[in-house]
file work_2.cif (mmCIF, C-alpha atoms)
data_work
loop_
_atom_site.label_atom_id
_atom_site.label_comp_id
_atom_site.auth_asym_id
_atom_site.auth_seq_id
_atom_site.Cartn_x
_atom_site.Cartn_y
_atom_site.Cartn_z
CA MET A 291 -24.34 -24.61 5.94
CA PRO A 292 -21.96 -24.00 8.88
CA ALA A 293 -20.84 -20.44 9.54
CA GLU A 294 -17.53 -19.51 7.99
CA HIS A 295 -14.65 -20.02 10.39
CA PRO A 296 -11.32 -19.34 8.66
CA LYS A 297 -8.39 -21.51 9.68
CA GLY A 298 -6.07 -19.91 12.19
CA LEU A 299 -8.49 -17.21 13.35
CA PRO A 300 -10.64 -17.12 16.49
CA PRO A 301 -14.33 -17.66 15.74
CA GLY A 302 -16.74 -14.79 15.52
CA ALA A 303 -15.16 -11.50 16.50
CA ASP A 304 -13.01 -9.30 14.28
CA PRO A 305 -9.43 -10.21 15.27
CA ARG A 306 -8.04 -6.72 14.65
CA GLY A 307 -6.56 -5.44 17.86
CA ALA A 308 -6.15 -8.94 19.27
CA ASN A 309 -2.75 -10.54 19.72
CA ILE A 310 -1.83 -13.84 18.11
CA PHE A 311 -0.31 -14.95 21.41
CA ASP A 312 -3.36 -14.16 23.57
CA GLY A 313 -4.59 -17.76 23.57
CA THR A 314 -7.60 -17.24 21.31
CA PHE A 315 -5.99 -18.07 17.96
CA PRO A 316 -6.29 -21.79 17.11
CA LEU A 317 -2.89 -22.83 15.85
CA PRO A 318 -1.30 -23.21 13.38
CA THR A 319 -1.70 -19.61 12.28
CA ALA A 320 0.00 -17.91 9.33
CA VAL A 321 0.93 -14.28 9.89
CA LEU A 322 2.24 -11.43 7.76
CA ASP A 323 4.80 -9.02 9.19
CA ASP A 324 3.57 -5.54 8.29
CA ALA A 325 6.97 -3.85 8.56
CA ALA A 326 8.60 -6.48 6.34
CA LEU A 327 5.82 -6.16 3.75
CA ARG A 328 6.28 -2.40 3.64
CA HIS A 329 10.03 -2.76 3.31
CA ASN A 330 9.86 -5.33 0.50
CA ILE A 331 7.26 -3.49 -1.57
CA ALA A 332 9.08 -0.17 -1.24
CA THR A 333 12.46 -1.78 -1.99
CA MET A 334 11.29 -3.37 -5.24
CA ALA A 335 9.42 -0.24 -6.33
CA ARG A 336 12.51 1.90 -5.75
CA TYR A 337 14.76 -0.59 -7.56
CA CYS A 338 12.51 -0.59 -10.63
CA ALA A 339 12.21 3.19 -10.66
CA ASP A 340 15.96 3.66 -10.27
CA ASN A 341 16.58 1.33 -13.22
CA SER A 342 13.78 2.64 -15.45
CA VAL A 343 11.95 -0.67 -15.72
CA LEU A 344 8.28 -1.39 -15.12
CA LEU A 345 6.89 -3.91 -12.64
CA ALA A 346 3.90 -6.20 -13.16
CA PRO A 347 4.14 -8.33 -10.00
CA HIS A 348 2.76 -11.85 -10.29
CA GLY A 349 -0.51 -11.72 -8.40
CA LYS A 350 -0.79 -15.51 -8.16
CA THR A 351 1.77 -15.37 -5.34
CA THR A 352 -0.77 -13.89 -2.94
CA MET A 353 -4.16 -13.56 -4.72
CA CYS A 354 -4.74 -11.03 -1.97
CA PRO A 355 -6.43 -7.68 -2.77
CA PRO A 356 -4.87 -5.68 0.10
CA LEU A 357 -1.35 -6.76 -0.83
CA ILE A 358 -1.94 -6.23 -4.55
CA GLN A 359 -3.30 -2.77 -3.81
CA ARG A 360 -0.16 -1.96 -1.82
CA GLN A 361 1.89 -2.93 -4.88
CA LEU A 362 -0.25 -0.77 -7.17
CA ASP A 363 0.00 2.13 -4.72
CA HIS A 364 3.79 1.85 -5.02
CA GLY A 365 3.67 2.22 -8.79
CA ALA A 366 3.18 -1.28 -10.18
CA TRP A 367 2.43 -0.86 -13.90
CA ALA A 368 0.21 -3.96 -14.08
CA VAL A 369 -0.51 -7.20 -12.23
CA THR A 370 0.35 -10.58 -13.71
CA ALA A 371 -1.94 -13.62 -13.74
CA ALA A 372 -1.32 -17.21 -14.83
CA THR A 373 -4.88 -18.15 -15.84
CA ALA A 374 -7.98 -16.47 -17.23
CA TRP A 375 -9.75 -17.13 -13.92
CA GLN A 376 -7.00 -15.32 -12.01
CA ALA A 377 -7.21 -12.45 -14.48
CA GLY A 378 -10.92 -12.21 -13.81
CA MET A 379 -10.35 -12.13 -10.07
CA MET A 380 -7.73 -9.41 -10.41
CA ALA A 381 -10.08 -7.35 -12.53
CA SER A 382 -12.69 -7.77 -9.78
CA PHE A 383 -10.11 -6.37 -7.32
CA GLY A 384 -10.04 -3.22 -9.47
CA VAL A 385 -6.71 -3.86 -11.23
CA PRO A 386 -6.70 -1.68 -14.39
CA ARG A 387 -4.11 -3.60 -16.42
CA VAL A 388 -3.64 -7.41 -16.31
CA LEU A 389 -0.95 -9.46 -18.02
CA ILE A 390 -1.72 -13.18 -18.41
CA ALA A 391 1.68 -14.86 -18.47
CA ASN A 392 0.44 -18.02 -20.13
CA GLU A 393 -1.38 -19.39 -23.14
CA VAL A 394 -5.20 -19.22 -23.00
CA VAL A 395 -6.64 -21.86 -25.35
CA ASP A 396 -9.64 -23.63 -23.77
CA ALA A 397 -13.14 -22.52 -24.63
CA GLY A 398 -14.19 -21.83 -21.06
CA SER A 399 -11.22 -19.56 -20.43
CA THR A 400 -11.54 -17.62 -23.68
CA ALA A 401 -15.26 -17.17 -22.98
CA LEU A 402 -14.35 -15.79 -19.55
CA LEU A 403 -11.95 -13.30 -21.14
CA ASP A 404 -14.60 -12.28 -23.64
CA ARG A 405 -17.07 -11.56 -20.83
CA LEU A 406 -14.35 -9.72 -18.94
CA LEU A 407 -13.64 -7.45 -21.91
CA ALA A 408 -17.35 -6.84 -22.36
CA ASP A 409 -17.91 -6.00 -18.69
CA ARG A 410 -14.76 -3.91 -18.23
CA PRO A 411 -14.34 -1.55 -21.20
CA ASP A 412 -11.53 0.19 -19.31
CA LEU A 413 -9.47 -2.99 -18.77
CA GLU A 414 -6.14 -3.33 -20.58
CA LEU A 415 -5.44 -7.04 -21.19
CA TYR A 416 -2.20 -8.68 -22.32
CA CYS A 417 -2.07 -12.34 -23.42
CA TYR A 418 0.58 -14.75 -24.75
CA ALA A 419 0.78 -16.77 -27.95
CA ASP A 420 3.48 -19.29 -28.85
CA SER A 421 1.92 -20.87 -31.95
CA ALA A 422 -0.64 -20.24 -34.66
CA ALA A 423 -2.84 -22.85 -32.98
CA ALA A 424 -2.72 -21.00 -29.65
CA LEU A 425 -3.41 -17.70 -31.40
CA ASP A 426 -6.41 -19.12 -33.26
CA ALA A 427 -7.82 -20.70 -30.09
CA LEU A 428 -7.55 -17.43 -28.18
CA LEU A 429 -9.01 -15.21 -30.89
CA GLY A 430 -11.70 -17.74 -31.70
CA GLY A 431 -13.19 -17.35 -28.24
CA ILE A 432 -13.31 -13.54 -28.33
CA ALA A 433 -16.13 -11.69 -30.06
CA PRO A 434 -14.90 -9.99 -33.27
CA SER A 435 -15.84 -6.58 -31.87
CA ARG A 436 -13.53 -7.10 -28.88
CA ARG A 437 -10.50 -8.76 -30.46
CA ALA A 438 -8.82 -5.44 -31.19
CA ARG A 439 -8.57 -4.79 -27.44
CA LEU A 440 -6.26 -7.77 -26.91
CA ARG A 441 -2.58 -6.92 -26.66
CA LEU A 442 -0.64 -10.03 -27.67
CA LEU A 443 2.89 -11.03 -26.73
CA VAL A 444 4.96 -13.56 -28.65
CA GLU A 445 6.35 -15.98 -26.08
CA LEU A 446 9.85 -17.41 -26.33
CA GLY A 447 10.83 -20.59 -24.49
CA ILE A 448 13.78 -22.89 -23.95
CA ALA A 449 14.39 -26.52 -24.88
CA GLY A 450 12.98 -28.82 -22.23
CA GLY A 451 11.08 -25.94 -20.63
CA ARG A 452 7.39 -25.25 -20.69
CA THR A 453 5.49 -22.97 -23.10
CA GLY A 454 7.20 -20.60 -25.53
CA LEU A 455 8.68 -20.87 -29.02
CA ARG A 456 12.03 -22.60 -29.28
CA ASP A 457 12.81 -21.33 -32.80
CA ASP A 458 13.36 -17.59 -33.13
CA ARG A 459 12.51 -17.48 -36.84
CA GLU A 460 9.16 -19.06 -36.08
CA ALA A 461 8.69 -16.45 -33.36
CA LEU A 462 9.22 -13.64 -35.85
CA ASP A 463 6.81 -15.31 -38.27
CA LEU A 464 4.19 -15.46 -35.52
CA ALA A 465 4.81 -11.78 -34.75
CA ARG A 466 4.16 -10.94 -38.41
CA ARG A 467 0.90 -12.86 -38.31
CA ILE A 468 -0.29 -11.17 -35.12
CA ALA A 469 0.62 -7.76 -36.52
CA THR A 470 -1.89 -8.24 -39.34
CA GLY A 471 -4.69 -7.96 -36.76
CA PRO A 472 -7.24 -7.89 -35.43
CA ALA A 473 -5.36 -7.90 -32.10
CA THR A 474 -2.35 -5.68 -31.40
CA LEU A 475 1.19 -7.06 -31.33
CA ALA A 476 2.37 -5.72 -27.97
CA GLY A 477 5.84 -7.24 -27.80
CA VAL A 478 7.73 -10.25 -26.51
CA ALA A 479 7.46 -12.34 -23.34
CA ALA A 480 9.54 -15.05 -21.71
CA PHE A 481 10.34 -16.62 -18.35
CA GLU A 482 13.96 -17.17 -17.41
CA GLY A 483 13.19 -18.60 -13.96
CA ILE A 484 12.77 -22.07 -15.46
CA ILE A 485 16.53 -22.10 -16.10
CA ASP A 486 18.25 -23.99 -13.31
CA GLU A 487 21.71 -22.49 -13.26
CA PRO A 488 23.96 -22.11 -10.24
CA VAL A 489 25.37 -18.69 -9.53
CA LEU A 490 28.93 -18.78 -10.75
CA ALA A 491 31.72 -16.23 -10.56
CA THR A 492 31.73 -16.18 -14.34
CA GLY A 493 28.08 -15.12 -14.46
CA LEU A 494 24.82 -16.70 -15.48
CA ALA A 495 25.61 -17.65 -19.06
CA ARG A 496 22.39 -19.50 -19.94
CA VAL A 497 20.19 -16.81 -18.44
CA ASP A 498 22.08 -14.07 -20.26
CA ALA A 499 21.92 -15.98 -23.54
CA PHE A 500 18.16 -16.31 -23.18
CA LEU A 501 17.87 -12.59 -22.49
CA ARG A 502 19.82 -11.89 -25.68
CA ARG A 503 17.28 -14.00 -27.60
CA VAL A 504 14.49 -11.87 -26.17
CA ALA A 505 16.32 -8.68 -27.12
CA ASP A 506 17.10 -9.92 -30.63
CA LEU A 507 13.45 -10.77 -31.29
CA CYS A 508 12.36 -7.34 -30.04
CA LEU A 509 14.94 -5.70 -32.30
CA ALA A 510 13.77 -7.74 -35.29
CA ILE A 511 10.16 -6.79 -34.59
CA ASP A 512 11.17 -3.15 -34.30
CA ALA A 513 13.22 -3.23 -37.52
CA ALA A 514 10.27 -4.74 -39.39
CA GLY A 515 7.91 -2.08 -38.07
CA LEU A 516 5.56 -4.70 -36.64
CA ALA A 517 5.00 -3.60 -33.07
CA GLY A 518 2.05 -1.49 -32.05
CA ALA A 519 2.25 1.52 -29.77
CA ASP A 520 4.10 1.11 -26.46
CA PRO A 521 5.61 -2.36 -27.01
CA ILE A 522 7.06 -4.25 -24.06
CA ALA A 523 9.60 -6.95 -23.39
CA THR A 524 8.43 -8.79 -20.29
CA ILE A 525 10.64 -11.25 -18.46
CA GLY A 526 12.00 -11.53 -14.96
CA GLY A 527 10.82 -13.86 -12.24
CA SER A 528 12.07 -13.67 -8.66
CA ALA A 529 15.44 -15.35 -9.18
CA TYR A 530 17.23 -13.51 -12.01
CA PHE A 531 15.52 -10.14 -12.36
CA ASP A 532 18.84 -8.37 -11.78
CA ARG A 533 20.21 -9.90 -14.99
CA VAL A 534 17.16 -8.60 -16.85
CA VAL A 535 17.74 -5.11 -15.47
CA ARG A 536 21.44 -5.18 -16.36
CA LEU A 537 21.05 -6.45 -19.93
CA LEU A 538 17.65 -5.84 -21.48
CA PRO A 539 17.08 -2.05 -21.24
CA ASP A 540 20.51 -1.32 -22.74
CA ALA A 541 19.97 -3.85 -25.52
CA LEU A 542 16.65 -2.21 -26.41
CA ALA A 543 17.88 1.38 -26.20
CA GLY A 544 16.79 3.38 -29.23
CA THR A 545 13.54 1.45 -29.62
CA ALA A 546 10.12 2.06 -28.10
CA PHE A 547 10.29 -1.22 -26.14
CA ARG A 548 9.99 -0.95 -22.37
CA THR A 549 11.17 -3.67 -20.01
CA VAL A 550 8.58 -5.16 -17.65
CA LEU A 551 9.56 -7.40 -14.72
CA ARG A 552 7.02 -9.89 -13.38
CA SER A 553 8.62 -10.80 -10.05
CA GLY A 554 6.05 -11.77 -7.43
CA CYS A 555 7.65 -13.56 -4.48
CA TYR A 556 9.59 -10.49 -3.40
CA VAL A 557 6.48 -9.25 -1.60
CA THR A 558 7.06 -11.65 1.31
CA HIS A 559 10.38 -13.24 0.35
CA ASP A 560 11.05 -16.48 2.30
CA ALA A 561 13.47 -18.48 4.43
CA GLY A 562 14.38 -21.03 1.76
CA SER A 563 14.35 -21.01 -2.03
CA TYR A 564 14.25 -17.25 -2.60
CA GLN A 565 16.52 -16.52 0.33
CA LEU A 566 19.02 -18.56 -1.70
CA LEU A 567 18.09 -17.56 -5.27
CA SER A 568 16.90 -13.96 -5.13
CA PRO A 569 19.32 -11.20 -6.10
CA PHE A 570 18.12 -9.55 -2.89
CA GLY A 571 18.51 -12.72 -0.79
CA ALA A 572 20.94 -13.44 2.03
CA SER A 573 23.95 -13.61 -0.30
CA GLY A 574 22.35 -11.93 -3.29
CA ARG A 575 24.10 -10.31 -6.23
CA GLU A 576 22.61 -6.88 -5.47
CA ARG A 577 22.84 -4.76 -2.33
CA PRO A 578 19.19 -4.32 -1.24
CA ARG A 579 17.99 -7.09 1.04
CA LEU A 580 14.45 -8.38 1.31
CA ARG A 581 12.92 -9.46 4.62
CA GLU A 582 10.80 -12.48 5.43
CA ALA A 583 7.23 -11.34 5.84
CA LEU A 584 5.30 -14.64 5.96
CA HIS A 585 5.58 -17.04 8.89
CA VAL A 586 3.53 -19.81 10.45
CA TRP A 587 3.27 -20.30 14.22
CA ALA A 588 2.53 -23.81 15.48
CA PRO A 589 2.60 -25.59 18.86
CA VAL A 590 4.87 -28.37 20.00
CA LEU A 591 2.54 -31.36 20.23
CA SER A 592 4.90 -34.01 21.54
CA ARG A 593 8.48 -34.78 22.61
CA PRO A 594 8.26 -38.55 22.04
CA GLU A 595 12.04 -39.10 21.84
CA PRO A 596 15.05 -37.15 23.15
CA GLY A 597 16.07 -35.90 19.70
CA LEU A 598 12.58 -35.47 18.24
CA ALA A 599 9.81 -32.91 18.58
CA ILE A 600 6.50 -33.02 16.73
CA CYS A 601 4.86 -29.71 15.85
CA GLY A 602 1.33 -29.08 14.65
CA LEU A 603 2.20 -27.87 11.17
CA GLY A 604 2.25 -29.79 7.89
CA ARG A 605 1.63 -29.73 4.16
CA ARG A 606 -1.83 -28.26 4.71
CA ASP A 607 -0.24 -25.20 6.35
CA ALA A 608 3.11 -24.45 4.71
CA SER A 609 4.88 -25.14 1.45
CA ALA A 610 6.99 -28.27 1.08
CA ASP A 611 7.51 -28.29 -2.70
CA ALA A 612 10.70 -26.18 -2.70
CA GLY A 613 12.11 -26.89 0.72
CA LEU A 614 10.70 -27.73 4.14
CA PRO A 615 9.60 -25.18 6.74
CA VAL A 616 12.42 -23.63 8.76
CA PRO A 617 12.07 -23.52 12.59
CA GLN A 618 13.33 -20.11 13.73
CA LEU A 619 11.99 -19.00 17.10
CA VAL A 620 10.44 -20.61 20.16
CA ARG A 621 7.99 -18.86 22.46
CA ALA A 622 7.83 -20.62 25.81
CA GLY A 623 4.95 -20.63 28.24
CA THR A 624 6.58 -17.71 30.05
CA GLY A 625 6.03 -15.55 26.97
CA LEU A 626 9.74 -15.21 26.28
CA THR A 627 10.84 -15.66 22.65
CA ALA A 628 14.28 -17.00 21.76
CA PRO A 629 16.11 -18.25 18.65
CA LEU A 630 15.64 -21.96 18.04
CA LEU A 631 19.13 -23.24 17.33
CA SER A 632 20.35 -26.59 15.98
CA THR A 633 16.82 -27.57 14.98
CA VAL A 634 15.64 -28.63 11.52
CA VAL A 635 12.49 -30.07 10.00
CA THR A 636 13.27 -33.47 8.51
CA ALA A 637 9.79 -34.37 7.21
CA VAL A 638 6.18 -33.23 7.16
CA ASN A 639 2.84 -35.03 7.03
CA ASP A 640 -0.46 -33.32 6.34
CA GLN A 641 -0.62 -31.80 9.83
CA HIS A 642 2.68 -32.71 11.51
CA ALA A 643 6.28 -31.52 11.27
CA TYR A 644 9.16 -33.68 12.50
CA LEU A 645 11.83 -31.57 14.20
CA GLN A 646 15.28 -32.96 14.76
CA VAL A 647 16.51 -31.29 17.94
CA SER A 648 19.43 -31.53 20.29
CA PRO A 649 18.42 -33.67 23.29
CA ALA A 650 19.29 -30.72 25.50
CA THR A 651 17.04 -28.28 23.62
CA ALA A 652 14.48 -26.75 25.95
CA LEU A 653 11.48 -27.35 23.73
CA ALA A 654 8.41 -28.39 25.69
CA VAL A 655 4.89 -29.49 24.82
CA GLY A 656 2.78 -26.37 24.36
CA ASP A 657 5.66 -24.12 23.36
CA LEU A 658 5.08 -22.17 20.16
CA VAL A 659 7.48 -22.36 17.22
CA ARG A 660 7.74 -19.80 14.45
CA PHE A 661 8.48 -21.36 11.08
CA GLY A 662 9.88 -19.60 8.07
CA ILE A 663 8.62 -20.94 4.75
CA SER A 664 10.18 -21.76 1.41
CA HIS A 665 8.17 -20.72 -1.66
CA PRO A 666 5.46 -18.20 -0.75
CA CYS A 667 3.11 -19.17 -3.62
CA THR A 668 2.33 -22.58 -2.16
CA THR A 669 1.90 -21.26 1.37
CA PHE A 670 -0.51 -18.42 0.61
CA ASP A 671 -2.94 -20.80 -1.10
CA LYS A 672 -3.38 -22.74 2.14
CA TRP A 673 -4.93 -19.79 3.97
CA ARG A 674 -8.10 -17.79 3.32
CA ARG A 675 -7.42 -15.01 5.83
CA ILE A 676 -4.01 -14.09 7.18
CA PRO A 677 -3.47 -11.66 10.06
CA VAL A 678 -1.11 -8.78 9.35
CA VAL A 679 0.72 -8.08 12.59
CA ASP A 680 2.94 -5.47 14.20
CA PRO A 681 6.20 -6.44 15.96
CA ASP A 682 4.52 -7.65 19.16
CA GLY A 683 1.96 -9.82 17.34
CA THR A 684 -1.02 -7.44 17.47
CA VAL A 685 -3.30 -7.82 14.46
CA ILE A 686 -3.64 -4.58 12.50
CA GLU A 687 -5.33 -5.98 9.37
CA VAL A 688 -6.66 -9.26 8.03
CA ALA A 689 -5.57 -10.07 4.47
CA GLN A 690 -8.09 -12.21 2.57
CA THR A 691 -6.91 -14.48 -0.26
CA PHE A 692 -8.90 -15.72 -3.27
CA PHE A 693 -7.68 -19.08 -4.57
#
call {"tool": "encode", "arguments": {"input": "work_2.cif", "output": "structure tokens"}}
result
Amino acid sequence: MPAEHPKGLPPGADPRGANIFDGTFPLPTAVLDDAALRHNIATMARYCADNSVLLAPHGKTTMCPPLIQRQLDHGAWAVTAATAWQAGMMASFGVPRVLIANEVVDAGSTALLDRLLADRPDLELYCYADSAAALDALLGGIAPSRRARLRLLVELGIAGGRTGLRDDREALDLARRIATGPATLAGVAAFEGIIDEPVLATGLARVDAFLRRVADLCLAIDAAGLAGADPIATIGGSAYFDRVVRLLPDALAGTAFRTVLRSGCYVTHDAGSYQLLSPFGASGRERPRLREALHVWAPVLSRPEPGLAICGLGRRDASADAGLPVPQLVRAGTGLTAPLLSTVVTAVNDQHAYLQVSPATALAVGDLVRFGISHPCTTFDKWRRIPVVDPDGTVIEVAQTFF
């Protein structure tokens, strides 16, 4: 087997202390801005503390132990996973409380959870159910002696969306069934980020209506005396968490329910989808502002036409599912860095980006371009090790991912 040689890093030596512009890093190279990471993690932690809500950041965004540990060190209540395999990885990182924001129904995944519960008697594990069939499949894969350790959340959904109950009476019926045991009914879960609603001066009516459904189900569960100790209402992706904070805690006042956000992309933010959608984005609905912390540097490979530049970056290196990479800075052979104006990416192949440029733009073969990304989740999974850098590009840490 060939020796491991992670993409974007120089072979062999530990890159800490090296500089990404010293000529030894094979481009493209993804980098994490340490100062921006610190700012984003502290900003979200402070926001949650100030508003008396808990945070279980979605770990699938990064699948990166050093970044997840930073979030835990800043008070994250739990870490969210989307699959049983991810939950197992997070437990291996030392995460003490994992929330699986999804149904777990296949035999291999339930067997994995059963082994996880057996191996980690200290682990607190939350799982979803949106039907009797899903509940039976989950419980059927867990040994009877370990089922009581599962904390189950009834999941609500929306018409045309993905998982989650559409009928609130059926949701309450499922809550009653879960409350009979052997697992604990831990509360209610939902995901409002699937709602595609433009930000209007009149508010976010569909999002708010969905939040009221979540609150009403929690109140019904509370009135019926069904919930176990420390119930939660968990909702809040990276686009509408401010609406959750404004509406849900007040609606649940007087009950034992605590509100848990699951936002994940805040940790690096981006230059595209979340810059537009996040409450802490460029024109967000709240005052704190997040900073871009994840970029990809790539060389100019060719200037084949006056208005076209080809850079060595593509789908294998940066997300393209929620917007194309955003060219931001150019570093010329002289070492000087300048804003890259009037330049956009019009298309990407696996390893190439097509930049539409002004014919007069001084962009030469061999120059380096910094790209912002849109949608962190589908950029992180393209890299196994990402340098964390200080402002001048010196590597201070290498963040390993596990996808």
call {"tool": "residues_around", "arguments": {"input": "work_2.cif", "residues": "Asp657 (chain A)", "least_positions_apart": "4", "cutoff": "9 Å", "atoms": "all atoms listed in the file", "output": "list in words"}}
result
Ala588, Pro589, Val590, Leu591, Val620, Arg621, Ala622, Gly623 and Leu653 of chain A
call {"tool": "write_last_selection", "arguments": {"input": "work_2.cif", "atoms": "C-alpha atoms", "output": "mmCIF file, keeping the file's coordinate frame"}}
result
data_model
loop_
_atom_site.group_PDB
_atom_site.id
_atom_site.type_symbol
_atom_site.label_atom_id
_atom_site.label_comp_id
_atom_site.auth_asym_id
_atom_site.auth_seq_id
_atom_site.Cartn_x
_atom_site.Cartn_y
_atom_site.Cartn_z
ATOM 1 C CA ALA A 588 2.530 -23.810 15.480
ATOM 2 C CA PRO A 589 2.600 -25.590 18.860
ATOM 3 C CA VAL A 590 4.870 -28.370 20.000
ATOM 4 C CA LEU A 591 2.540 -31.360 20.230
ATOM 5 C CA VAL A 620 10.440 -20.610 20.160
ATOM 6 C CA ARG A 621 7.990 -18.860 22.460
ATOM 7 C CA ALA A 622 7.830 -20.620 25.810
ATOM 8 C CA GLY A 623 4.950 -20.630 28.240
ATOM 9 C CA LEU A 653 11.480 -27.350 23.730
#
call {"tool": "residues_near_point", "arguments": {"input": "work_2.cif", "point": "(-3.9, -7.4, -2.0)", "cutoff": "12 Å", "atoms": "all atoms listed in the file", "output": "PyMOL selection string"}}
result
chain A and resi 327+331+347-363+369+379-380+382-385+557+670+675-676+678+687-692
call {"tool": "atom_distance", "arguments": {"input": "work_2.cif", "atom1": "CA of Val395 (chain A)", "atom2": "CA of Ala427 (chain A)"}}
result
5.0 Å
call {"tool": "closest_residue", "arguments": {"input": "work_2.cif", "among": "A:Asp506, A:Leu566, A:Pro318, A:Gly571", "to": "Leu542 (chain A)", "atoms": "all atoms listed in the file"}}
result
A:Asp506
call {"tool": "closest_residue", "arguments": {"input": "work_2.cif", "among": "A:Ala473, A:Glu576, A:Ala652, A:Ala541", "to": "Ala599 (chain A)", "atoms": "all atoms listed in the file"}}
result
A:Ala652
call {"tool": "residues_near_point", "arguments": {"input": "work_2.cif", "point": "(16.7, -25.4, 23.6)", "cutoff": "10 Å", "atoms": "all atoms listed in the file", "output": "VMD selection string"}}
result
chain A and resid 620 628 to 633 647 to 654
call {"tool": "resolve_selection", "arguments": {"input": "work_2.cif", "expression": "the PyMOL selection byres ((chain A and resi 402-406) around 9)", "output": "MDAnalysis selection string"}}
result
chainID A and resid 374:375 377:378 381 397:401 407:411 413 431:433 436:437
call {"tool": "closest_residue", "arguments": {"input": "work_2.cif", "among": "A:Cys601, A:Leu626, A:Cys667, A:Pro677", "to": "Phe693 (chain A)", "atoms": "all atoms listed in the file"}}
result
A:Cys667
call {"tool": "residues_around", "arguments": {"input": "work_2.cif", "residues": "Phe500 (chain A)", "least_positions_apart": "4", "cutoff": "10 Å", "atoms": "all atoms listed in the file", "output": "JSON, numbers by chain"}}
result
{"A": [446, 447, 448, 480, 481, 482, 485, 495, 496, 504, 505, 506]}
call {"tool": "closest_residue", "arguments": {"input": "work_2.cif", "among": "A:Gln646, A:Leu658, A:Leu551, A:Met334", "to": "Val634 (chain A)", "atoms": "all atoms listed in the file"}}
result
A:Gln646
call {"tool": "atom_distance", "arguments": {"input": "work_2.cif", "atom1": "CA of Gly477 (chain A)", "atom2": "CA of Ala465 (chain A)"}}
result
8.4 Å
